[in-house]
Each structure stands twice: as C-alpha cells, then as structure tokens.
>>> print(open('protein-v1.pdb').read())   # PDB, C-alpha atoms
ATOM      1  CA  MET O  12     100.863 105.409 113.460  1.00  0.00           C
ATOM      2  CA  ARG O  13      99.882 106.836 116.795  1.00  0.00           C
ATOM      3  CA  TYR O  14     101.335 109.725 118.704  1.00  0.00           C
ATOM      4  CA  ALA O  15     101.326 110.293 122.450  1.00  0.00           C
ATOM      5  CA  THR O  16      99.142 113.371 122.438  1.00  0.00           C
ATOM      6  CA  GLY O  17      96.983 113.131 119.374  1.00  0.00           C
ATOM      7  CA  GLY O  18      95.872 109.557 119.107  1.00  0.00           C
ATOM      8  CA  GLY O  19      96.753 109.476 115.417  1.00  0.00           C
ATOM      9  CA  LEU O  20      97.518 111.549 112.378  1.00  0.00           C
ATOM     10  CA  THR O  21      96.025 114.985 111.904  1.00  0.00           C
ATOM     11  CA  ALA O  22      94.219 115.913 108.692  1.00  0.00           C
ATOM     12  CA  GLU O  23      97.321 117.831 107.566  1.00  0.00           C
ATOM     13  CA  ASP O  24      99.531 114.786 108.172  1.00  0.00           C
ATOM     14  CA  ARG O  25      97.155 112.590 106.157  1.00  0.00           C
ATOM     15  CA  ASP O  26      97.201 115.151 103.308  1.00  0.00           C
ATOM     16  CA  ARG O  27     101.002 115.233 103.349  1.00  0.00           C
ATOM     17  CA  ARG O  28     101.175 111.447 103.156  1.00  0.00           C
ATOM     18  CA  GLU O  29      98.621 111.409 100.357  1.00  0.00           C
ATOM     19  CA  ARG O  30     100.822 113.823  98.372  1.00  0.00           C
ATOM     20  CA  VAL O  31     103.722 111.389  98.776  1.00  0.00           C
ATOM     21  CA  ARG O  32     101.551 108.552  97.420  1.00  0.00           C
ATOM     22  CA  ARG O  33     100.518 110.735  94.439  1.00  0.00           C
ATOM     23  CA  GLU O  34     104.197 111.417  93.725  1.00  0.00           C
ATOM     24  CA  ALA O  35     104.745 107.660  93.809  1.00  0.00           C
ATOM     25  CA  ALA O  36     101.927 107.194  91.280  1.00  0.00           C
ATOM     26  CA  ASP O  37     103.653 109.678  88.942  1.00  0.00           C
ATOM     27  CA  LEU O  38     106.864 107.696  89.284  1.00  0.00           C
ATOM     28  CA  PHE O  39     104.991 104.427  88.621  1.00  0.00           C
ATOM     29  CA  GLU O  40     103.641 105.900  85.378  1.00  0.00           C
ATOM     30  CA  ASN O  41     107.186 106.795  84.351  1.00  0.00           C
ATOM     31  CA  GLY O  42     108.323 103.195  84.925  1.00  0.00           C
ATOM     32  CA  ALA O  43     110.391 103.711  88.081  1.00  0.00           C
ATOM     33  CA  LEU O  44     111.363 100.639  90.068  1.00  0.00           C
ATOM     34  CA  ASN O  45     110.136 100.162  93.626  1.00  0.00           C
ATOM     35  CA  ARG O  46     113.584 100.707  95.146  1.00  0.00           C
ATOM     36  CA  GLU O  47     113.983 103.952  93.174  1.00  0.00           C
ATOM     37  CA  VAL O  48     110.601 105.224  94.345  1.00  0.00           C
ATOM     38  CA  ALA O  49     111.354 104.232  97.946  1.00  0.00           C
ATOM     39  CA  ALA O  50     114.740 105.952  97.903  1.00  0.00           C
ATOM     40  CA  GLY O  51     113.415 109.084  96.190  1.00  0.00           C
ATOM     41  CA  LEU O  52     110.465 109.517  98.554  1.00  0.00           C
ATOM     42  CA  ARG O  53     112.306 108.231 101.642  1.00  0.00           C
ATOM     43  CA  VAL O  54     109.779 105.486 102.412  1.00  0.00           C
ATOM     44  CA  SER O  55     110.083 101.710 102.734  1.00  0.00           C
ATOM     45  CA  GLU O  56     110.032  99.452  99.695  1.00  0.00           C
ATOM     46  CA  ARG O  57     107.228  97.486 101.315  1.00  0.00           C
ATOM     47  CA  SER O  58     105.030 100.605 101.347  1.00  0.00           C
ATOM     48  CA  VAL O  59     105.861 101.249  97.718  1.00  0.00           C
ATOM     49  CA  GLU O  60     104.911  97.651  96.860  1.00  0.00           C
ATOM     50  CA  ARG O  61     101.506  98.118  98.558  1.00  0.00           C
ATOM     51  CA  TRP O  62     100.950 101.436  96.797  1.00  0.00           C
ATOM     52  CA  ARG O  63     101.879  99.961  93.417  1.00  0.00           C
ATOM     53  CA  ARG O  64      99.383  97.085  93.874  1.00  0.00           C
ATOM     54  CA  ARG O  65      96.606  99.529  94.817  1.00  0.00           C
ATOM     55  CA  TRP O  66      97.583 101.854  91.964  1.00  0.00           C
ATOM     56  CA  LYS O  67      97.436  99.011  89.384  1.00  0.00           C
ATOM     57  CA  VAL O  68      93.913  98.113  90.511  1.00  0.00           C
ATOM     58  CA  GLY O  69      92.378 101.556  91.034  1.00  0.00           C
ATOM     59  CA  GLY O  70      94.784 104.179  89.710  1.00  0.00           C
ATOM     60  CA  VAL O  71      95.626 107.354  91.626  1.00  0.00           C
ATOM     61  CA  ALA O  72      92.185 107.348  93.271  1.00  0.00           C
ATOM     62  CA  ALA O  73      93.101 104.097  95.088  1.00  0.00           C
ATOM     63  CA  LEU O  74      95.979 105.925  96.799  1.00  0.00           C
ATOM     64  CA  ARG O  75      93.745 108.551  98.433  1.00  0.00           C
ATOM     65  CA  SER O  76      93.631 108.762 102.206  1.00  0.00           C
ATOM     66  CA  ARG O  77      90.890 106.693 103.777  1.00  0.00           C
ATOM     67  CA  GLY O  78      90.604 109.068 106.725  1.00  0.00           C
ATOM     68  CA  PRO O  79      91.386 108.415 110.363  1.00  0.00           C
ATOM     69  CA  THR O  80      92.008 104.777 111.234  1.00  0.00           C
ATOM     70  CA  SER O  81      89.650 104.807 114.188  1.00  0.00           C
ATOM     71  CA  ARG O  82      86.719 106.937 115.075  1.00  0.00           C
ATOM     72  CA  CYS O  83      85.515 107.751 118.543  1.00  0.00           C
ATOM     73  CA  ARG O  84      82.288 105.954 119.390  1.00  0.00           C
ATOM     74  CA  LEU O  85      81.110 108.898 121.489  1.00  0.00           C
ATOM     75  CA  ASP O  86      79.996 112.179 119.969  1.00  0.00           C
ATOM     76  CA  GLU O  87      81.169 115.566 121.209  1.00  0.00           C
ATOM     77  CA  GLU O  88      78.161 116.053 123.517  1.00  0.00           C
ATOM     78  CA  GLN O  89      78.729 112.649 125.134  1.00  0.00           C
ATOM     79  CA  LEU O  90      82.423 113.410 125.581  1.00  0.00           C
ATOM     80  CA  ARG O  91      81.586 116.667 127.353  1.00  0.00           C
ATOM     81  CA  ALA O  92      79.127 114.807 129.622  1.00  0.00           C
ATOM     82  CA  LEU O  93      81.802 112.206 130.414  1.00  0.00           C
ATOM     83  CA  GLU O  94      84.332 114.917 131.245  1.00  0.00           C
ATOM     84  CA  ALA O  95      81.808 116.580 133.555  1.00  0.00           C
ATOM     85  CA  VAL O  96      81.396 113.291 135.446  1.00  0.00           C
ATOM     86  CA  LEU O  97      85.161 112.841 135.639  1.00  0.00           C
ATOM     87  CA  ASP O  98      85.558 116.398 136.961  1.00  0.00           C
ATOM     88  CA  ARG O  99      83.080 115.685 139.784  1.00  0.00           C
ATOM     89  CA  GLY O 100      85.279 112.805 140.946  1.00  0.00           C
ATOM     90  CA  PRO O 101      84.860 109.082 141.569  1.00  0.00           C
ATOM     91  CA  ALA O 102      82.963 109.533 144.846  1.00  0.00           C
ATOM     92  CA  ALA O 103      80.167 111.319 143.005  1.00  0.00           C
ATOM     93  CA  SER O 104      79.888 108.239 140.776  1.00  0.00           C
ATOM     94  CA  GLY O 105      79.595 105.836 143.693  1.00  0.00           C
ATOM     95  CA  TRP O 106      83.161 104.787 144.529  1.00  0.00           C
ATOM     96  CA  VAL O 107      84.429 105.070 148.081  1.00  0.00           C
ATOM     97  CA  ASP O 108      87.819 106.571 147.244  1.00  0.00           C
ATOM     98  CA  GLU O 109      89.022 109.382 145.006  1.00  0.00           C
ATOM     99  CA  ARG O 110      90.840 107.339 142.369  1.00  0.00           C
ATOM    100  CA  TRP O 111      89.805 107.203 138.746  1.00  0.00           C
ATOM    101  CA  THR O 112      91.019 104.003 137.127  1.00  0.00           C
ATOM    102  CA  LEU O 113      90.594 102.985 133.514  1.00  0.00           C
ATOM    103  CA  ALA O 114      88.258 100.190 134.601  1.00  0.00           C
ATOM    104  CA  ARG O 115      86.076 102.630 136.533  1.00  0.00           C
ATOM    105  CA  ILE O 116      85.954 105.091 133.656  1.00  0.00           C
ATOM    106  CA  ARG O 117      85.053 102.242 131.296  1.00  0.00           C
ATOM    107  CA  GLU O 118      82.208 101.307 133.640  1.00  0.00           C
ATOM    108  CA  VAL O 119      80.976 104.911 133.680  1.00  0.00           C
ATOM    109  CA  ILE O 120      81.000 104.971 129.870  1.00  0.00           C
ATOM    110  CA  VAL O 121      78.979 101.748 129.724  1.00  0.00           C
ATOM    111  CA  ARG O 122      76.484 103.023 132.323  1.00  0.00           C
ATOM    112  CA  MET O 123      76.038 106.427 130.714  1.00  0.00           C
ATOM    113  CA  PHE O 124      76.123 105.569 127.015  1.00  0.00           C
ATOM    114  CA  GLY O 125      75.945 101.784 126.665  1.00  0.00           C
ATOM    115  CA  VAL O 126      79.209 101.797 124.706  1.00  0.00           C
ATOM    116  CA  GLU O 127      81.933  99.211 125.398  1.00  0.00           C
ATOM    117  CA  TYR O 128      85.616 100.184 125.317  1.00  0.00           C
ATOM    118  CA  THR O 129      88.732  98.183 126.125  1.00  0.00           C
ATOM    119  CA  LEU O 130      91.017  99.590 128.806  1.00  0.00           C
ATOM    120  CA  ALA O 131      93.470 100.610 126.077  1.00  0.00           C
ATOM    121  CA  GLY O 132      90.597 102.263 124.213  1.00  0.00           C
ATOM    122  CA  VAL O 133      89.630 104.237 127.330  1.00  0.00           C
ATOM    123  CA  TRP O 134      93.240 105.397 127.687  1.00  0.00           C
ATOM    124  CA  LEU O 135      93.362 106.529 124.031  1.00  0.00           C
ATOM    125  CA  LEU O 136      90.047 108.343 124.435  1.00  0.00           C
ATOM    126  CA  LEU O 137      91.282 110.191 127.533  1.00  0.00           C
ATOM    127  CA  ASP O 138      94.676 110.946 125.966  1.00  0.00           C
ATOM    128  CA  ARG O 139      93.018 112.458 122.890  1.00  0.00           C
ATOM    129  CA  ARG O 140      90.990 114.709 125.181  1.00  0.00           C
ATOM    130  CA  GLY O 141      94.093 115.928 127.034  1.00  0.00           C
ATOM    131  CA  TRP O 142      93.751 113.854 130.218  1.00  0.00           C
ATOM    132  CA  SER O 143      96.835 112.311 131.790  1.00  0.00           C
ATOM    133  CA  CYS O 144      97.541 109.719 134.457  1.00  0.00           C
ATOM    134  CA  GLN O 145      97.454 110.874 138.051  1.00  0.00           C
ATOM    135  CA  VAL O 146     100.837 111.337 139.674  1.00  0.00           C
ATOM    136  CA  PRO O 147     101.129 112.694 143.206  1.00  0.00           C
ATOM    137  CA  VAL O 148     102.790 116.103 143.386  1.00  0.00           C
ATOM    138  CA  ARG O 149     104.243 115.442 146.834  1.00  0.00           C
ATOM    139  CA  ARG O 150     104.253 112.856 149.567  1.00  0.00           C
ATOM    140  CA  ALA O 151     101.166 112.378 151.680  1.00  0.00           C
ATOM    141  CA  VAL O 152     100.885 114.556 154.766  1.00  0.00           C
ATOM    142  CA  GLU O 153      99.913 111.463 156.755  1.00  0.00           C
ATOM    143  CA  ARG O 154     103.237 109.717 155.949  1.00  0.00           C
ATOM    144  CA  ASP O 155     105.022 108.614 159.118  1.00  0.00           C
ATOM    145  CA  GLU O 156     108.772 108.665 158.444  1.00  0.00           C
ATOM    146  CA  GLY O 157     109.510 106.824 161.685  1.00  0.00           C
ATOM    147  CA  ALA O 158     107.230 103.934 160.779  1.00  0.00           C
ATOM    148  CA  VAL O 159     108.757 103.807 157.288  1.00  0.00           C
ATOM    149  CA  GLY O 160     112.260 103.606 158.800  1.00  0.00           C
ATOM    150  CA  VAL O 161     111.256 100.798 161.157  1.00  0.00           C
ATOM    151  CA  TRP O 162     109.636  98.898 158.294  1.00  0.00           C
ATOM    152  CA  ARG O 163     112.790  99.240 156.156  1.00  0.00           C
ATOM    153  CA  GLU O 164     115.086  98.052 158.943  1.00  0.00           C
ATOM    154  CA  GLN O 165     112.980  95.192 160.273  1.00  0.00           C
ATOM    155  CA  VAL O 166     110.368  93.953 157.818  1.00  0.00           C
ATOM    156  CA  TRP O 167     112.215  94.634 154.578  1.00  0.00           C
ATOM    157  CA  GLU O 168     115.458  93.069 155.848  1.00  0.00           C
ATOM    158  CA  ARG O 169     113.587  89.863 156.792  1.00  0.00           C
ATOM    159  CA  ALA O 170     111.724  89.808 153.470  1.00  0.00           C
ATOM    160  CA  ARG O 171     114.930  90.307 151.493  1.00  0.00           C
ATOM    161  CA  LYS O 172     116.535  87.252 153.097  1.00  0.00           C
TER     162      LYS O 172
END
>>> encode(input="protein-v1.pdb", output="structure tokens")
Amino acid sequence: MRYATGGGLTAEDRDRRERVRREAADLFENGALNREVAAGLRVSERSVERWRRRWKVGGVAALRSRGPTSRCRLDEEQLRALEAVLDRGPAASGWVDERWTLARIREVIVRMFGVEYTLAGVWLLLDRRGWSCQVPVRRAVERDEGAVGVWREQVWERARK
C-alpha cells in the first residue's frame, strides 16, 4: 500500500500490521475458521488465507514483517547531492528553460550516479523527499489578454467547427 506523502508504510504501521498477523496466528492455533479470523480482525478472508498458508509452513516467524517493499537505490548523501542540483535549477544542469521534468531528473540521476529509474520511480523518490509538482501561482506577466480574446473568437471558433 502506498500513500501520497510517504511512499509506503512507516515502521510503526508495519509493526501494527505484524501485531494483527500475530493475533491471527493465535486464532489459527485455537482452530478459528478463516471467515471468523477475518471478521474479528477486520481484514479480508484472502489475507487470512495467505497468512494461514505461511503460518502452516513457518509458524509465527513466517508472519513477521519483511520490511519496506522497496528501497531507495540512492543513499542519503546522494539524495542530498541530487536535491542540491535540483535547487540550482535546470539551466545549471544544461537545459535552456527553467522546467524540471521527470525525464530530465531521471537523466540527472543517471549522469550523477549511474542509477536507472522509471519516470514513476523518479516521482516516488521526489514525493518521499517532500517535492511536489510545479503549479504556477499566478498568470504570467507577459500574458496578453487582447490576443487571448482574439484567439478565442477567431481561431477557436474555426477549430471548434
């Protein structure tokens, strides 16, 4: 399970879920049916089925948390170096405009560290570090309202037809 601002479960969340699985193991030992366990612990029967299979093979130890589902391929020092580059802006990294895109950030990561990420992976990495997408606060100063009006009345009307 992933969350918008954390990239996954925290250690406390994993511990809480592990406690639920241990409670399920206690119920298994007492002969409870899957639907009873699911209803009592407020989880799906499918999860209980998976837990029971793991429990039969490896006991309570098989129900322990396996840790985070994905680990960052960059260490903390590399992440700080990447953030420093991002703070300097795209022009400092060789692009002609001031727009960071996921593809550009991925390219920076490959150049700096030789590590490949997917675009979705770059987004998760940035999200975990507290970065967000760029949204303009206000309209551009250069915006010409007259030209926009003319475009709406003439060009857009023709295009719509």
>>> resolve_selection(input="protein-v1.pdb", expression="the PyMOL selection byres ((chain O and resi 112) around 12)", output="ChimeraX atom specification")
/O:97,100-101,106,108-111,113-119,130-131,133-134,137,143-145
>>> axis_aligned_box(input="protein-v1.pdb", around="region 47-53 of chain O", padding_each_side="3 Å", output="AutoDock Vina command-line options")
--center_x 112.6 --center_y 106.7 --center_z 97.4 --size_x 10.3 --size_y 11.6 --size_z 14.5
>>> residues_around(input="protein-v1.pdb", residues="Glu56 (chain O)", least_positions_apart="6", cutoff="12 Å", atoms="all atoms listed in the file", output="PDB file with C-alpha atoms, keeping the file's coordinate frame")
ATOM      1  CA  ALA O  35     104.745 107.660  93.809  1.00  0.00           C
ATOM      2  CA  LEU O  44     111.363 100.639  90.068  1.00  0.00           C
ATOM      3  CA  ASN O  45     110.136 100.162  93.626  1.00  0.00           C
ATOM      4  CA  ARG O  46     113.584 100.707  95.146  1.00  0.00           C
ATOM      5  CA  GLU O  47     113.983 103.952  93.174  1.00  0.00           C
ATOM      6  CA  VAL O  48     110.601 105.224  94.345  1.00  0.00           C
ATOM      7  CA  ALA O  49     111.354 104.232  97.946  1.00  0.00           C
ATOM      8  CA  ALA O  50     114.740 105.952  97.903  1.00  0.00           C
ATOM      9  CA  TRP O  62     100.950 101.436  96.797  1.00  0.00           C
ATOM     10  CA  ARG O  63     101.879  99.961  93.417  1.00  0.00           C
TER      11      ARG O  63
END
>>> resolve_selection(input="protein-v1.pdb", expression="the PyMOL selection byres ((chain O and resi 33) around 12)", output="ChimeraX atom specification")
/O:26-32,34-40,48,52,59,62-63,65-66,70-76
>>> atom_distance(input="protein-v1.pdb", atom1="CA of Leu93 (chain O)", atom2="CA of Ala22 (chain O)")
25.3 Å
>>> atom_distance(input="protein-v1.pdb", atom1="CA of Ala92 (chain O)", atom2="CA of Gly125 (chain O)")
13.7 Å
>>> atom_distance(input="protein-v1.pdb", atom1="CA of Arg99 (chain O)", atom2="CA of Glu153 (chain O)")
24.3 Å
>>> residues_around(input="protein-v1.pdb", residues="Leu136 (chain O)", least_positions_apart="4", cutoff="10 Å", atoms="only C-alpha atoms", output="list in words")
Gly17, Gly18, Cys83, Arg84, Leu85, Leu90, Tyr128, Leu130, Ala131, Gly132, Arg140, Gly141 and Trp142 of chain O
